[in-house]
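K.L.:
Can you keep this structure in mind? I'll have questions shortly.
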Number of protein chains: 2
Amino acid sequence: MKHSSKELVLSSWQDSLHRNGFRVTRPRQQVMEIIASSTTALTPQAIYQKSLEWDQSPGIASVYRTLEMLEDLGLIQQIHQPGGCHGIWPVVEGHNHFLICRDCGQMKVIEGDEDITGYIDNIEKQTGYRVDDHWLQFFGTCRGCLD
Amino acid sequence: MKHSSKELVLSSWQDSLHRNGFRVTRPRQQVMEIIASSTTALTPQAIYQKSLEWDQSPGIASVYRTLEMLEDLGLIQQIHQPGGCHGIWPVVEGHNHFLICRDCGQMKVIEGDEDITGYIDNIEKQTGYRVDDHWLQFFGTCRGCLD
DNA sequence: AATGATAATGATAATTATTATCAATAAGGA
DNA sequence: TCCTTATTGATAATAATTATCATTATCATT
């Protein structure tokens, strides 16, 4: 029996909650399910709206509380977009860059390319800053929205 | 007589308002002054707070209205940071990348390096996306905060 | 499987940020 | 200087997030 990536993510998240002494409750499972299933970075409000499709759904306060917990555990992160707001996206192994479709919001995660390490060295030399992290995001149109 | 960069920015912004039929009012001048003088990307609320140091200051609504106008004119942009909120920063010629100090918020603008064009080509080939823009931001510690 | 300590929830009040409204004001061309 | 009207300031309305607290449900222990 083959497990989908989503199921692997969800079970590892549940493990993480247990290991850190957090209970695995229905509201938390629902929020995690929505995040892990999404192909776009969702805002807290959007997550709450999606949860309303269930016959039973978490209160808005629990959505925010769950997001805070997941972020503290390093399981999710905020992705910023030109519009102004940020959406929620799972943290995955390694350093990532993001590719976002302006039309439908669909996201792709790109394995961090080390091509820019040279660039970073230059910046450190020229500015005197010590650089310890960076964001690289690409915006454009996905295959499906190009037609 | 040598004009500072700030003065050049402010006079070009005023020209832009005039050319586009906007009046140059005291509240607008104050907001522009604060943005052009800042070494960090300020939120609308932070701009309003700074304006209160004057004996006369714009209402909060005028701050928001001025920011919307300046953004529509392409004179300012929103800079996103890990904290969650975004700050206001002048748009300058060409494509830029940003270097932000985590401690004091001080920003440096880096002339867009074309090193990543090859990277973008690869991404387009591998994903089928058409990429038309990107954000590259570096986070770290500035010279002053390193001590 | 039942119990119990307590973490977590849901409902809602409180807070904060942003936008809309409108009478009064001031910019800038005539 | 006058006049037209774009803009302002005060504040109401809206939206998003956080805090409060009595009730509920998880899960280690029995």
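Here's how to read the names in the structure tokens: chain A, B, ... by the order shown, residue numbers from 1 in each chain, ligand numbers from 1 in the order shown.
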Where does chain A meet chain C within 9 Å, residue by residue, with the nearest atom pair and distance in Å to one decimal for each, counting only C-alpha atoms (C1' of nucleotides), listed by chain and rising number, as CSV?
P.N.:
```
residue,atom,partner,partner_atom,distance
A:Phe22,CA,C:DA7,C1',8.0
A:Arg23,CA,C:DA7,C1',7.4
A:Thr25,CA,C:DA8,C1',8.0
A:Pro27,CA,C:DT9,C1',8.4
A:Pro58,CA,C:DG10,C1',8.1
A:Gly59,CA,C:DG10,C1',6.0
A:Ile60,CA,C:DG10,C1',8.8
A:Ala61,CA,C:DG10,C1',8.0
A:Ser62,CA,C:DT9,C1',7.1
```
K.L.:
Any chance you can output those residues with N, CA and C atoms as a PDB file, in the first residue's frame?
P.N.:
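Everything below was put into result.pdb:
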```pdb
ATOM      1  N   PHE A  22       1.641  17.999  22.720  1.00  0.00           N
ATOM      2  CA  PHE A  22       0.371  18.573  22.279  1.00  0.00           C
ATOM      3  C   PHE A  22      -0.613  17.455  21.949  1.00  0.00           C
ATOM      4  N   ARG A  23      -1.869  17.670  22.274  1.00  0.00           N
ATOM      5  CA  ARG A  23      -2.883  16.676  21.945  1.00  0.00           C
ATOM      6  C   ARG A  23      -3.296  16.797  20.484  1.00  0.00           C
ATOM      7  N   THR A  25      -6.153  16.857  18.328  1.00  0.00           N
ATOM      8  CA  THR A  25      -7.605  17.031  18.426  1.00  0.00           C
ATOM      9  C   THR A  25      -8.221  17.124  17.031  1.00  0.00           C
ATOM     10  N   PRO A  27     -10.160  19.566  15.724  1.00  0.00           N
ATOM     11  CA  PRO A  27      -9.911  20.850  15.056  1.00  0.00           C
ATOM     12  C   PRO A  27      -8.495  20.951  14.480  1.00  0.00           C
ATOM     13  N   PRO A  58     -13.826  23.693  13.033  1.00  0.00           N
ATOM     14  CA  PRO A  58     -13.214  24.386  14.172  1.00  0.00           C
ATOM     15  C   PRO A  58     -13.666  25.834  14.233  1.00  0.00           C
ATOM     16  N   GLY A  59     -13.662  26.413  15.406  1.00  0.00           N
ATOM     17  CA  GLY A  59     -13.890  27.848  15.536  1.00  0.00           C
ATOM     18  C   GLY A  59     -12.707  28.603  14.980  1.00  0.00           C
ATOM     19  N   ILE A  60     -12.944  29.856  14.608  1.00  0.00           N
ATOM     20  CA  ILE A  60     -11.869  30.656  14.015  1.00  0.00           C
ATOM     21  C   ILE A  60     -10.698  30.795  14.974  1.00  0.00           C
ATOM     22  N   ALA A  61     -10.990  30.863  16.275  1.00  0.00           N
ATOM     23  CA  ALA A  61      -9.904  31.012  17.257  1.00  0.00           C
ATOM     24  C   ALA A  61      -8.997  29.789  17.252  1.00  0.00           C
ATOM     25  N   SER A  62      -9.595  28.610  17.077  1.00  0.00           N
ATOM     26  CA  SER A  62      -8.782  27.395  17.045  1.00  0.00           C
ATOM     27  C   SER A  62      -7.925  27.322  15.795  1.00  0.00           C
TER      28      SER A  62
END
```
K.L.:
Just the alpha helix (DSSP H) stuff from chain B, please, per backbone DSSP, written as an NGL selection string.
P.N.:
:B and (5-19 or 26-37 or 44-51 or 60-72 or 117-127 or 143-146)
K.L.:
How close does each residue of chain B get to chain A, giving the shortest atom pair and distance in Å to one decimal for every residue with an atom at most 7 Å away, counting only C-alpha atoms, sorted by chain and residue number, as a Markdown table?
P.N.:
```
| residue | atom | partner | partner_atom | distance |
| --- | --- | --- | --- | --- |
| B:His80 | CA | A:His80 | CA | 6.7 |
| B:Gly128 | CA | A:Arg143 | CA | 5.3 |
| B:Tyr129 | CA | A:Cys142 | CA | 4.3 |
| B:Arg130 | CA | A:Thr141 | CA | 5.2 |
| B:Val131 | CA | A:Gly140 | CA | 4.2 |
| B:Asp132 | CA | A:Gly140 | CA | 5.1 |
| B:Asp133 | CA | A:Phe139 | CA | 5.1 |
| B:His134 | CA | A:Phe138 | CA | 4.2 |
| B:Trp135 | CA | A:Gln137 | CA | 5.1 |
| B:Leu136 | CA | A:Leu136 | CA | 4.6 |
| B:Gln137 | CA | A:Trp135 | CA | 5.1 |
| B:Phe138 | CA | A:His134 | CA | 4.2 |
| B:Phe139 | CA | A:Asp133 | CA | 5.1 |
| B:Gly140 | CA | A:Val131 | CA | 4.2 |
| B:Thr141 | CA | A:Arg130 | CA | 5.2 |
| B:Cys142 | CA | A:Tyr129 | CA | 4.3 |
| B:Arg143 | CA | A:Gly128 | CA | 5.3 |
```
K.L.:
As a ChimeraX atom specification, list the residues of stretch 9-130 of chain B assigned to strand (DSSP E or B) by DSSP on the backbone atoms of this structure.
P.N.:
/B:40,42,76-80,86-90,96-101,106-111,130
K.L.:
Of the residues B:Gly94, B:Pro44, B:Gly21, B:Gly105, which is the one nearest to chain D, using only C-alpha atoms (C1' of nucleotides)?
P.N.:
B:Gly21
K.L.:
Would you write out, as CSV, a table of all residues in chain D that have an atom no more than 9 Å from an atom of chain B, listing for each the closest atom pair and the distance in Å to one decimal, considering only C-alpha atoms (C1' of nucleotides) and ordering rows by chain and rising residue number?
P.N.:
```
residue,atom,partner,partner_atom,distance
D:DA6,C1',B:Arg23,CA,7.5
D:DT7,C1',B:Thr25,CA,8.1
D:DT8,C1',B:Ser62,CA,7.2
D:DG9,C1',B:Gly59,CA,6.0
D:DA10,C1',B:Gly59,CA,8.6
```
K.L.:
Please save C-alpha atoms (C1' of nucleotides) of the selected residues as a PDB file, in the first residue's frame.
P.N.:
```pdb
ATOM      1  C1'  DA D   6      -9.450  67.947  -4.686  1.00  0.00           C
ATOM      2  C1'  DT D   7      -8.121  66.830  -0.179  1.00  0.00           C
ATOM      3  C1'  DT D   8      -8.359  66.669   4.698  1.00  0.00           C
ATOM      4  C1'  DG D   9      -9.685  65.283   9.423  1.00  0.00           C
ATOM      5  C1'  DA D  10     -12.856  63.203  12.461  1.00  0.00           C
TER       6       DA D  10
END
```
K.L.:
Hey, what's within 8 Å of A:Ile47 if we count only C-alpha atoms (C1' of nucleotides) and toss same-chain stuff fewer than 4 positions away? As a ChimeraX atom specification, please?
P.N.:
/A:31,34-35,42-43,51,63
K.L.:
How many Å lie between atom CA of A:Val9 and atom CA of A:Ile76, rounded to one decimal?
P.N.:
11.1 Å
